[in-house]
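Coordinates as given in start32.pdb (PDB, C-alpha atoms):
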ATOM      1  CA  MET R  25     113.258  25.433  71.977  1.00  0.00           C
ATOM      2  CA  TYR R  26     111.074  28.588  71.860  1.00  0.00           C
ATOM      3  CA  TYR R  27     112.773  31.647  73.354  1.00  0.00           C
ATOM      4  CA  TYR R  28     109.815  33.977  72.919  1.00  0.00           C
ATOM      5  CA  ILE R  29     106.500  34.182  71.089  1.00  0.00           C
ATOM      6  CA  ARG R  30     105.061  37.439  69.820  1.00  0.00           C
ATOM      7  CA  GLY R  31     101.408  37.678  68.864  1.00  0.00           C
ATOM      8  CA  LYS R  32      97.936  38.887  69.799  1.00  0.00           C
ATOM      9  CA  LEU R  33      96.733  38.082  73.304  1.00  0.00           C
ATOM     10  CA  THR R  34      93.310  36.619  72.455  1.00  0.00           C
ATOM     11  CA  LYS R  35      92.496  35.117  75.864  1.00  0.00           C
ATOM     12  CA  LYS R  36      93.673  36.114  79.306  1.00  0.00           C
ATOM     13  CA  LEU R  37      93.050  34.210  82.557  1.00  0.00           C
ATOM     14  CA  PRO R  38      95.036  34.319  85.827  1.00  0.00           C
ATOM     15  CA  THR R  39      96.637  30.928  85.106  1.00  0.00           C
ATOM     16  CA  PHE R  40      97.101  30.950  81.334  1.00  0.00           C
ATOM     17  CA  ALA R  41      96.968  33.014  78.166  1.00  0.00           C
ATOM     18  CA  VAL R  42      96.237  32.251  74.531  1.00  0.00           C
ATOM     19  CA  LEU R  43      98.625  33.989  72.150  1.00  0.00           C
ATOM     20  CA  GLU R  44      97.639  33.924  68.466  1.00  0.00           C
ATOM     21  CA  VAL R  45     100.469  33.853  65.935  1.00  0.00           C
ATOM     22  CA  GLN R  46      99.614  33.506  62.222  1.00  0.00           C
ATOM     23  CA  GLY R  47      96.320  31.765  62.924  1.00  0.00           C
ATOM     24  CA  ILE R  48      97.698  29.399  65.594  1.00  0.00           C
ATOM     25  CA  GLY R  49      96.620  29.864  69.228  1.00  0.00           C
ATOM     26  CA  TYR R  50      99.353  28.947  71.719  1.00  0.00           C
ATOM     27  CA  GLU R  51      98.174  28.115  75.248  1.00  0.00           C
ATOM     28  CA  VAL R  52     100.789  29.500  77.619  1.00  0.00           C
ATOM     29  CA  ARG R  53     100.773  29.092  81.401  1.00  0.00           C
ATOM     30  CA  TRP R  54     101.943  32.258  83.113  1.00  0.00           C
ATOM     31  CA  PRO R  55     102.346  33.886  86.562  1.00  0.00           C
ATOM     32  CA  LEU R  56     100.076  36.588  87.990  1.00  0.00           C
ATOM     33  CA  ASN R  57     102.512  39.423  87.277  1.00  0.00           C
ATOM     34  CA  ALA R  58     102.229  38.722  83.526  1.00  0.00           C
ATOM     35  CA  PHE R  59      98.430  38.482  83.852  1.00  0.00           C
ATOM     36  CA  SER R  60      98.284  41.952  85.422  1.00  0.00           C
ATOM     37  CA  LEU R  61     100.787  43.599  83.072  1.00  0.00           C
ATOM     38  CA  LEU R  62      99.376  42.519  79.686  1.00  0.00           C
ATOM     39  CA  ASN R  63      96.033  43.414  78.125  1.00  0.00           C
ATOM     40  CA  GLU R  64      93.724  41.162  76.137  1.00  0.00           C
ATOM     41  CA  GLY R  65      93.467  42.077  72.456  1.00  0.00           C
ATOM     42  CA  GLU R  66      96.920  43.672  72.298  1.00  0.00           C
ATOM     43  CA  GLU R  67     100.132  42.499  70.613  1.00  0.00           C
ATOM     44  CA  CYS R  68     102.607  41.240  73.175  1.00  0.00           C
ATOM     45  CA  THR R  69     105.744  39.168  73.616  1.00  0.00           C
ATOM     46  CA  LEU R  70     106.008  36.294  76.088  1.00  0.00           C
ATOM     47  CA  TYR R  71     109.430  34.843  76.903  1.00  0.00           C
ATOM     48  CA  THR R  72     108.818  31.115  76.949  1.00  0.00           C
ATOM     49  CA  TYR R  73     109.977  27.798  78.347  1.00  0.00           C
ATOM     50  CA  LEU R  74     108.740  24.477  76.939  1.00  0.00           C
ATOM     51  CA  TYR R  75     108.376  21.826  79.646  1.00  0.00           C
ATOM     52  CA  VAL R  76     108.473  18.248  78.370  1.00  0.00           C
ATOM     53  CA  LYS R  77     108.087  15.214  80.634  1.00  0.00           C
ATOM     54  CA  GLU R  78     106.838  11.773  79.581  1.00  0.00           C
ATOM     55  CA  ASP R  79     103.412  12.512  78.067  1.00  0.00           C
ATOM     56  CA  VAL R  80     103.236  16.185  79.162  1.00  0.00           C
ATOM     57  CA  GLN R  81     104.209  19.155  77.006  1.00  0.00           C
ATOM     58  CA  GLN R  82     103.412  22.569  78.461  1.00  0.00           C
ATOM     59  CA  LEU R  83     104.473  26.046  77.379  1.00  0.00           C
ATOM     60  CA  TYR R  84     105.226  28.612  80.109  1.00  0.00           C
ATOM     61  CA  GLY R  85     105.437  32.326  79.368  1.00  0.00           C
ATOM     62  CA  PHE R  86     106.766  35.427  81.129  1.00  0.00           C
ATOM     63  CA  ALA R  87     106.460  39.164  80.574  1.00  0.00           C
ATOM     64  CA  THR R  88     110.227  39.745  80.862  1.00  0.00           C
ATOM     65  CA  GLU R  89     113.424  37.844  80.123  1.00  0.00           C
ATOM     66  CA  ASN R  90     114.477  38.196  83.759  1.00  0.00           C
ATOM     67  CA  ASP R  91     111.251  36.542  84.959  1.00  0.00           C
ATOM     68  CA  ARG R  92     111.952  33.663  82.593  1.00  0.00           C
ATOM     69  CA  SER R  93     115.534  33.402  83.882  1.00  0.00           C
ATOM     70  CA  LEU R  94     114.338  33.467  87.502  1.00  0.00           C
ATOM     71  CA  PHE R  95     111.754  30.754  86.773  1.00  0.00           C
ATOM     72  CA  LEU R  96     114.455  28.553  85.190  1.00  0.00           C
ATOM     73  CA  LEU R  97     116.693  29.023  88.231  1.00  0.00           C
ATOM     74  CA  LEU R  98     113.847  28.146  90.614  1.00  0.00           C
ATOM     75  CA  ILE R  99     112.905  24.936  88.795  1.00  0.00           C
ATOM     76  CA  SER R 100     116.567  23.874  88.750  1.00  0.00           C
ATOM     77  CA  VAL R 101     116.280  23.375  92.521  1.00  0.00           C
ATOM     78  CA  SER R 102     115.369  19.812  93.562  1.00  0.00           C
ATOM     79  CA  GLY R 103     111.734  19.651  94.698  1.00  0.00           C
ATOM     80  CA  ILE R 104     110.557  22.650  92.657  1.00  0.00           C
ATOM     81  CA  GLY R 105     108.609  21.917  89.486  1.00  0.00           C
ATOM     82  CA  PRO R 106     107.049  24.334  86.994  1.00  0.00           C
ATOM     83  CA  SER R 107     103.799  24.705  88.997  1.00  0.00           C
ATOM     84  CA  THR R 108     105.725  25.707  92.127  1.00  0.00           C
ATOM     85  CA  GLY R 109     107.916  27.998  90.017  1.00  0.00           C
ATOM     86  CA  LEU R 110     104.763  29.778  88.845  1.00  0.00           C
ATOM     87  CA  ALA R 111     103.486  29.902  92.442  1.00  0.00           C
ATOM     88  CA  PHE R 112     106.698  31.761  93.390  1.00  0.00           C
ATOM     89  CA  LEU R 113     106.218  34.371  90.664  1.00  0.00           C
ATOM     90  CA  SER R 114     102.500  34.646  91.489  1.00  0.00           C
ATOM     91  CA  SER R 115     102.969  35.031  95.267  1.00  0.00           C
ATOM     92  CA  LEU R 116     105.951  37.395  95.270  1.00  0.00           C
ATOM     93  CA  SER R 117     107.366  39.938  92.871  1.00  0.00           C
ATOM     94  CA  SER R 118     110.612  39.000  91.123  1.00  0.00           C
ATOM     95  CA  SER R 119     112.557  41.525  93.174  1.00  0.00           C
ATOM     96  CA  GLU R 120     111.033  40.158  96.421  1.00  0.00           C
ATOM     97  CA  ILE R 121     112.141  36.631  95.466  1.00  0.00           C
ATOM     98  CA  CYS R 122     115.664  37.808  94.619  1.00  0.00           C
ATOM     99  CA  SER R 123     115.880  39.874  97.797  1.00  0.00           C
ATOM    100  CA  ALA R 124     114.675  36.963  99.968  1.00  0.00           C
ATOM    101  CA  ILE R 125     117.281  34.644  98.437  1.00  0.00           C
ATOM    102  CA  MET R 126     120.130  37.170  98.727  1.00  0.00           C
ATOM    103  CA  GLN R 127     119.214  37.962 102.364  1.00  0.00           C
ATOM    104  CA  GLU R 128     118.679  34.262 103.209  1.00  0.00           C
ATOM    105  CA  ASP R 129     115.109  35.077 104.252  1.00  0.00           C
ATOM    106  CA  SER R 130     113.709  31.540 104.471  1.00  0.00           C
ATOM    107  CA  LYS R 131     110.464  32.773 106.083  1.00  0.00           C
ATOM    108  CA  THR R 132     109.514  34.761 102.972  1.00  0.00           C
ATOM    109  CA  ILE R 133     110.445  31.857 100.699  1.00  0.00           C
ATOM    110  CA  GLN R 134     108.319  29.497 102.821  1.00  0.00           C
ATOM    111  CA  SER R 135     105.311  31.802 102.360  1.00  0.00           C
ATOM    112  CA  VAL R 136     105.010  30.315  98.839  1.00  0.00           C
ATOM    113  CA  LYS R 137     102.550  27.418  98.695  1.00  0.00           C
ATOM    114  CA  GLY R 138     104.324  24.066  98.577  1.00  0.00           C
ATOM    115  CA  ILE R 139     107.642  25.317  99.983  1.00  0.00           C
ATOM    116  CA  GLY R 140     108.777  23.827 103.287  1.00  0.00           C
ATOM    117  CA  ALA R 141     111.795  24.646 105.439  1.00  0.00           C
ATOM    118  CA  LYS R 142     114.183  22.223 103.699  1.00  0.00           C
ATOM    119  CA  THR R 143     113.250  23.363 100.183  1.00  0.00           C
ATOM    120  CA  ALA R 144     113.534  27.023 101.255  1.00  0.00           C
ATOM    121  CA  GLN R 145     117.048  26.282 102.524  1.00  0.00           C
ATOM    122  CA  ARG R 146     117.967  24.593  99.237  1.00  0.00           C
ATOM    123  CA  VAL R 147     116.671  27.610  97.289  1.00  0.00           C
ATOM    124  CA  VAL R 148     118.929  29.934  99.308  1.00  0.00           C
ATOM    125  CA  ILE R 149     122.023  27.702  99.136  1.00  0.00           C
ATOM    126  CA  GLU R 150     121.735  26.803  95.447  1.00  0.00           C
ATOM    127  CA  LEU R 151     120.594  30.166  94.065  1.00  0.00           C
ATOM    128  CA  ARG R 152     122.267  32.789  96.272  1.00  0.00           C
ATOM    129  CA  ASP R 153     125.256  33.230  93.940  1.00  0.00           C
ATOM    130  CA  LYS R 154     123.322  32.752  90.694  1.00  0.00           C
ATOM    131  CA  ILE R 155     120.579  35.238  91.570  1.00  0.00           C
ATOM    132  CA  SER R 156     123.003  38.176  91.771  1.00  0.00           C
ATOM    133  CA  LYS R 157     123.496  37.925  87.994  1.00  0.00           C
ATOM    134  CA  LEU R 158     119.856  38.758  87.273  1.00  0.00           C
ATOM    135  CA  GLN R 159     119.228  42.416  86.558  1.00  0.00           C
ATOM    136  CA  TYR R 160     116.239  43.825  88.456  1.00  0.00           C
ATOM    137  CA  SER R 161     115.949  47.557  88.366  1.00  0.00           C
ATOM    138  CA  GLY R 162     113.092  47.514  90.876  1.00  0.00           C
ATOM    139  CA  GLU R 163     109.478  46.500  91.016  1.00  0.00           C
ATOM    140  CA  LEU R 164     107.581  45.884  87.794  1.00  0.00           C
ATOM    141  CA  THR R 165     104.773  48.321  87.294  1.00  0.00           C
ATOM    142  CA  GLN R 166     101.573  46.599  88.287  1.00  0.00           C
ATOM    143  CA  THR R 167      98.457  47.623  86.411  1.00  0.00           C
ATOM    144  CA  THR R 168      95.141  47.537  88.178  1.00  0.00           C
ATOM    145  CA  VAL R 169      92.930  44.620  87.256  1.00  0.00           C
ATOM    146  CA  ALA R 170      89.333  45.673  86.702  1.00  0.00           C
ATOM    147  CA  ALA R 171      86.958  44.253  89.300  1.00  0.00           C
ATOM    148  CA  ALA R 172      84.663  41.577  87.968  1.00  0.00           C
ATOM    149  CA  PRO R 173      81.256  40.761  89.435  1.00  0.00           C
ATOM    150  CA  ASP R 174      81.711  38.969  92.785  1.00  0.00           C
ATOM    151  CA  ASN R 175      80.726  35.452  91.706  1.00  0.00           C
ATOM    152  CA  ALA R 176      82.769  35.572  88.500  1.00  0.00           C
ATOM    153  CA  LYS R 177      85.717  36.996  90.425  1.00  0.00           C
ATOM    154  CA  VAL R 178      85.582  34.278  93.087  1.00  0.00           C
ATOM    155  CA  ASP R 179      85.199  31.525  90.461  1.00  0.00           C
ATOM    156  CA  GLU R 180      88.168  32.841  88.485  1.00  0.00           C
ATOM    157  CA  ALA R 181      90.327  33.050  91.615  1.00  0.00           C
ATOM    158  CA  MET R 182      89.278  29.544  92.684  1.00  0.00           C
ATOM    159  CA  ASP R 183      90.121  28.069  89.263  1.00  0.00           C
ATOM    160  CA  ALA R 184      93.541  29.728  89.416  1.00  0.00           C
ATOM    161  CA  LEU R 185      94.216  28.409  92.929  1.00  0.00           C
ATOM    162  CA  VAL R 186      93.197  24.869  91.954  1.00  0.00           C
ATOM    163  CA  ALA R 187      95.608  25.095  88.990  1.00  0.00           C
ATOM    164  CA  LEU R 188      98.310  26.200  91.450  1.00  0.00           C
ATOM    165  CA  GLY R 189      97.806  23.137  93.670  1.00  0.00           C
ATOM    166  CA  PHE R 190      94.909  23.918  96.028  1.00  0.00           C
ATOM    167  CA  THR R 191      91.988  21.542  96.478  1.00  0.00           C
ATOM    168  CA  ARG R 192      88.711  23.185  95.429  1.00  0.00           C
ATOM    169  CA  ALA R 193      87.441  23.047  99.023  1.00  0.00           C
ATOM    170  CA  GLY R 194      90.685  24.580 100.292  1.00  0.00           C
ATOM    171  CA  ALA R 195      90.546  27.356  97.685  1.00  0.00           C
ATOM    172  CA  GLN R 196      86.928  28.141  98.567  1.00  0.00           C
ATOM    173  CA  LYS R 197      87.673  28.266 102.299  1.00  0.00           C
ATOM    174  CA  SER R 198      90.706  30.486 101.766  1.00  0.00           C
ATOM    175  CA  ILE R 199      88.832  32.954  99.536  1.00  0.00           C
ATOM    176  CA  LYS R 200      85.925  33.163 101.994  1.00  0.00           C
ATOM    177  CA  LEU R 201      88.326  34.032 104.825  1.00  0.00           C
ATOM    178  CA  ILE R 202      90.082  36.659 102.701  1.00  0.00           C
ATOM    179  CA  ILE R 203      86.793  38.320 101.688  1.00  0.00           C
ATOM    180  CA  LYS R 204      85.608  38.269 105.311  1.00  0.00           C
ATOM    181  CA  LYS R 205      88.833  39.931 106.462  1.00  0.00           C
ATOM    182  CA  ASN R 206      89.456  42.358 103.557  1.00  0.00           C
ATOM    183  CA  GLY R 207      86.050  42.986 101.980  1.00  0.00           C
ATOM    184  CA  SER R 208      84.679  41.911  98.619  1.00  0.00           C
ATOM    185  CA  ASP R 209      86.151  44.648  96.390  1.00  0.00           C
ATOM    186  CA  LEU R 210      89.483  42.876  95.882  1.00  0.00           C
ATOM    187  CA  SER R 211      90.726  42.126  92.361  1.00  0.00           C
ATOM    188  CA  VAL R 212      91.109  38.528  91.174  1.00  0.00           C
ATOM    189  CA  GLU R 213      94.888  38.969  91.332  1.00  0.00           C
ATOM    190  CA  LYS R 214      94.766  40.212  94.939  1.00  0.00           C
ATOM    191  CA  LEU R 215      92.512  37.321  96.007  1.00  0.00           C
ATOM    192  CA  ILE R 216      94.954  34.809  94.523  1.00  0.00           C
ATOM    193  CA  LYS R 217      98.034  36.498  96.002  1.00  0.00           C
ATOM    194  CA  LEU R 218      96.513  36.631  99.492  1.00  0.00           C
ATOM    195  CA  ALA R 219      95.397  32.991  99.288  1.00  0.00           C
ATOM    196  CA  LEU R 220      98.895  31.920  98.212  1.00  0.00           C
ATOM    197  CA  LYS R 221     100.511  33.882 101.055  1.00  0.00           C
ATOM    198  CA  ASN R 222      98.079  32.581 103.695  1.00  0.00           C
ATOM    199  CA  ASN R 223      98.722  28.904 102.914  1.00  0.00           C
TER     200      ASN R 223
END

Whole structure given in C-alpha cells:
Amino acid sequence: MYYYIRGKLTKKLPTFAVLEVQGIGYEVRWPLNAFSLLNEGEECTLYTYLYVKEDVQQLYGFATENDRSLFLLLISVSGIGPSTGLAFLSSLSSSEICSAIMQEDSKTIQSVKGIGAKTAQRVVIELRDKISKLQYSGELTQTTVAAAPDNAKVDEAMDALVALGFTRAGAQKSIKLIIKKNGSDLSVEKLIKLALKNN
C-alpha cells in the first residue's frame, strides 16, 4: 500500500521511529541498521511495508529498498513474522544475511533470536535462489551512535529487546552479562546486537 514515506524524523528509538509528513506523525517500526543510519530532526525516506492481521495494523520501515525486499523475503518463510524479520535485520547486516543464505550457513542464521534449526533450513531452501537477485554492493555505512548515560542506555536497550521478543528479566540478565564482559561504554545499538546474538 505505502511504498515509501518521506518526512522529518521527529522521534528515533532503537525499535521505532516517528516520521512527520504534512502534520501527521507516522509510527514506523524499524531495524537497528536504520536506527544507526538516520538522524533525528532530518528529512529522510523510509521504504515501508504495512502489516495487517485481524485487529493489528503496523507500519515497518527500512533505510533502503533492498532492506525492505530482504525483509519481505524473510517474512514469506513459514514461521517468520515481522518481529523475527526485524530481529534478522537488527542482529546481522543485510549482506551477512544474504551471505549466510547463499553459503547455506545455518549456524549464522540460527544466531538470530527465535530461529531454530528447522526454520534456518527453511530460510536457506526457500530463499537461496531468490536472494541472489538482491543487489548488495557491500556493507552499509554504520554511523556511531552517541553514548547515552548508563541507566538511560540500559533502559533503552532493554525496551528494544522486550519489543524484539525477550522477557524483561531475560533482557536485563543478558545486558548485565554483556556489560560485565565488554565494559559499560557500549552504544545502545551494540548492546542490543550482542544480546540478540547471545540468545

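For R:Ala144, the set of protein, DNA and RNA residues having any atom at most 10 Å away, when counting all atoms listed in the file and skipping those fewer than 4 positions along the same chain, is Val101, Ile125, Glu128, Asp129, Ser130, Lys131, Thr132, Ile133, Gln134, Ser135, Val136, Ile139, Gly140, Val148 and Ile149 of chain R.
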
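Residues matched by the PyMOL selection byres ((chain R and resi 192-196) around 9) in this file are Val178, Asp179, Ala181, Met182, Asp183, Leu185, Val186, Phe190, Thr191, Lys197, Ser198, Ile199, Lys200, Leu201 and Ala219 of chain R.
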
- The residue from R:Ile99, R:Ile48, R:Ala58, R:Val212 with the smallest atom-to-atom distance to R:Ser114, counting all atoms listed in the file, is R:Ala58

- Message: So, with all atoms listed in the file as the atoms that count, which of R:Glu67, R:Glu51, R:Leu61, R:Arg146 lies closest to R:Lys32?
- Response: R:Glu67

- Task: Name the residues that the PyMOL selection byres ((chain R and resi 87) around 6) picks from the file above, as JSON, numbers by chain, using the file's chain letters and numbers.
- Result: {"R": [58, 70, 86, 88]}

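The coordinates place atom CA of R:Trp54 at 25.1 Å from atom CA of R:Ser208.
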
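Minimum atom-to-atom distances from R:Met126, R:Lys137, R:Tyr27, R:Val80 to R:Ile104 were compared using all atoms listed in the file, and the lowest value belongs to R:Lys137.
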
Listed atoms of stretch 55-66 of chain R boxed axis-aligned with 3 Å per side, centre + edges as JSON:
{"center_x": 98.0, "center_y": 38.8, "center_z": 80.1, "size_x": 15.0, "size_y": 15.8, "size_z": 21.7}

- Item | Minimum-distance residue to R:Gly103, chosen among R:Ser118, R:Gln145, R:Ser156, R:Thr72 (using all atoms listed in the file) | R:Gln145

- Hits from the PyMOL selection byres ((chain R and resi 35-47) around 8), listed as a PyMOL selection string: chain R and resi 29-34+48-56+59+63-65+180-181+184+187+212-213

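The coordinates place atom CA of R:Leu151 at 9.2 Å from atom CA of R:Ser100.
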
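Across R:Leu96, R:Lys221, R:Ser107, R:Ser123, the tightest approach to R:Gln82 is made by R:Ser107 when counting only C-alpha atoms.
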
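Atom CA of R:Ala176 sits 19.5 Å away from atom CA of R:Lys205.
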
- Query: Which one of R:Gly85, R:Gly138, R:Gly207, R:Asn57 sits closest to R:Thr108 if you count only C-alpha atoms?
  - Reply: R:Gly138

Can I get N, CA, C and O atoms for stretch 175-189 of chain R, as a PDB file, in the first residue's frame?
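And here is the file that came out, decode-v8.pdb:
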ATOM      1  N   ASN R 175      22.325   4.397  32.740  1.00  0.00           N
ATOM      2  CA  ASN R 175      20.974   3.936  33.054  1.00  0.00           C
ATOM      3  C   ASN R 175      20.032   4.116  31.867  1.00  0.00           C
ATOM      4  O   ASN R 175      19.258   3.224  31.545  1.00  0.00           O
ATOM      5  N   ALA R 176      20.097   5.267  31.233  1.00  0.00           N
ATOM      6  CA  ALA R 176      19.231   5.545  30.081  1.00  0.00           C
ATOM      7  C   ALA R 176      19.551   4.573  28.944  1.00  0.00           C
ATOM      8  O   ALA R 176      18.651   4.083  28.258  1.00  0.00           O
ATOM      9  N   LYS R 177      20.834   4.300  28.771  1.00  0.00           N
ATOM     10  CA  LYS R 177      21.286   3.404  27.710  1.00  0.00           C
ATOM     11  C   LYS R 177      20.764   1.984  27.953  1.00  0.00           C
ATOM     12  O   LYS R 177      20.237   1.336  27.052  1.00  0.00           O
ATOM     13  N   VAL R 178      20.900   1.516  29.169  1.00  0.00           N
ATOM     14  CA  VAL R 178      20.438   0.171  29.533  1.00  0.00           C
ATOM     15  C   VAL R 178      18.916   0.075  29.389  1.00  0.00           C
ATOM     16  O   VAL R 178      18.397  -0.901  28.845  1.00  0.00           O
ATOM     17  N   ASP R 179      18.199   1.094  29.854  1.00  0.00           N
ATOM     18  CA  ASP R 179      16.734   1.097  29.747  1.00  0.00           C
ATOM     19  C   ASP R 179      16.282   1.049  28.296  1.00  0.00           C
ATOM     20  O   ASP R 179      15.358   0.321  27.935  1.00  0.00           O
ATOM     21  N   GLU R 180      16.962   1.845  27.459  1.00  0.00           N
ATOM     22  CA  GLU R 180      16.602   1.896  26.033  1.00  0.00           C
ATOM     23  C   GLU R 180      16.853   0.547  25.363  1.00  0.00           C
ATOM     24  O   GLU R 180      16.027   0.054  24.592  1.00  0.00           O
ATOM     25  N   ALA R 181      17.998  -0.058  25.697  1.00  0.00           N
ATOM     26  CA  ALA R 181      18.329  -1.376  25.133  1.00  0.00           C
ATOM     27  C   ALA R 181      17.341  -2.430  25.620  1.00  0.00           C
ATOM     28  O   ALA R 181      16.892  -3.278  24.841  1.00  0.00           O
ATOM     29  N   MET R 182      16.974  -2.375  26.888  1.00  0.00           N
ATOM     30  CA  MET R 182      16.017  -3.339  27.442  1.00  0.00           C
ATOM     31  C   MET R 182      14.655  -3.226  26.777  1.00  0.00           C
ATOM     32  O   MET R 182      14.034  -4.220  26.408  1.00  0.00           O
ATOM     33  N   ASP R 183      14.180  -1.986  26.590  1.00  0.00           N
ATOM     34  CA  ASP R 183      12.888  -1.762  25.921  1.00  0.00           C
ATOM     35  C   ASP R 183      12.903  -2.344  24.512  1.00  0.00           C
ATOM     36  O   ASP R 183      11.935  -2.956  24.055  1.00  0.00           O
ATOM     37  N   ALA R 184      14.030  -2.131  23.811  1.00  0.00           N
ATOM     38  CA  ALA R 184      14.161  -2.643  22.446  1.00  0.00           C
ATOM     39  C   ALA R 184      14.140  -4.171  22.435  1.00  0.00           C
ATOM     40  O   ALA R 184      13.483  -4.790  21.602  1.00  0.00           O
ATOM     41  N   LEU R 185      14.842  -4.786  23.386  1.00  0.00           N
ATOM     42  CA  LEU R 185      14.898  -6.250  23.440  1.00  0.00           C
ATOM     43  C   LEU R 185      13.533  -6.856  23.777  1.00  0.00           C
ATOM     44  O   LEU R 185      13.141  -7.881  23.223  1.00  0.00           O
ATOM     45  N   VAL R 186      12.811  -6.199  24.684  1.00  0.00           N
ATOM     46  CA  VAL R 186      11.456  -6.671  25.022  1.00  0.00           C
ATOM     47  C   VAL R 186      10.567  -6.598  23.777  1.00  0.00           C
ATOM     48  O   VAL R 186       9.804  -7.521  23.483  1.00  0.00           O
ATOM     49  N   ALA R 187      10.696  -5.507  23.015  1.00  0.00           N
ATOM     50  CA  ALA R 187       9.910  -5.363  21.775  1.00  0.00           C
ATOM     51  C   ALA R 187      10.294  -6.422  20.745  1.00  0.00           C
ATOM     52  O   ALA R 187       9.492  -6.800  19.900  1.00  0.00           O
ATOM     53  N   LEU R 188      11.528  -6.929  20.838  1.00  0.00           N
ATOM     54  CA  LEU R 188      12.000  -7.951  19.900  1.00  0.00           C
ATOM     55  C   LEU R 188      11.766  -9.373  20.414  1.00  0.00           C
ATOM     56  O   LEU R 188      12.249 -10.339  19.834  1.00  0.00           O
ATOM     57  N   GLY R 189      11.046  -9.506  21.553  1.00  0.00           N
ATOM     58  CA  GLY R 189      10.646 -10.838  21.997  1.00  0.00           C
ATOM     59  C   GLY R 189      11.254 -11.350  23.284  1.00  0.00           C
ATOM     60  O   GLY R 189      10.933 -12.444  23.730  1.00  0.00           O
TER      61      GLY R 189
END
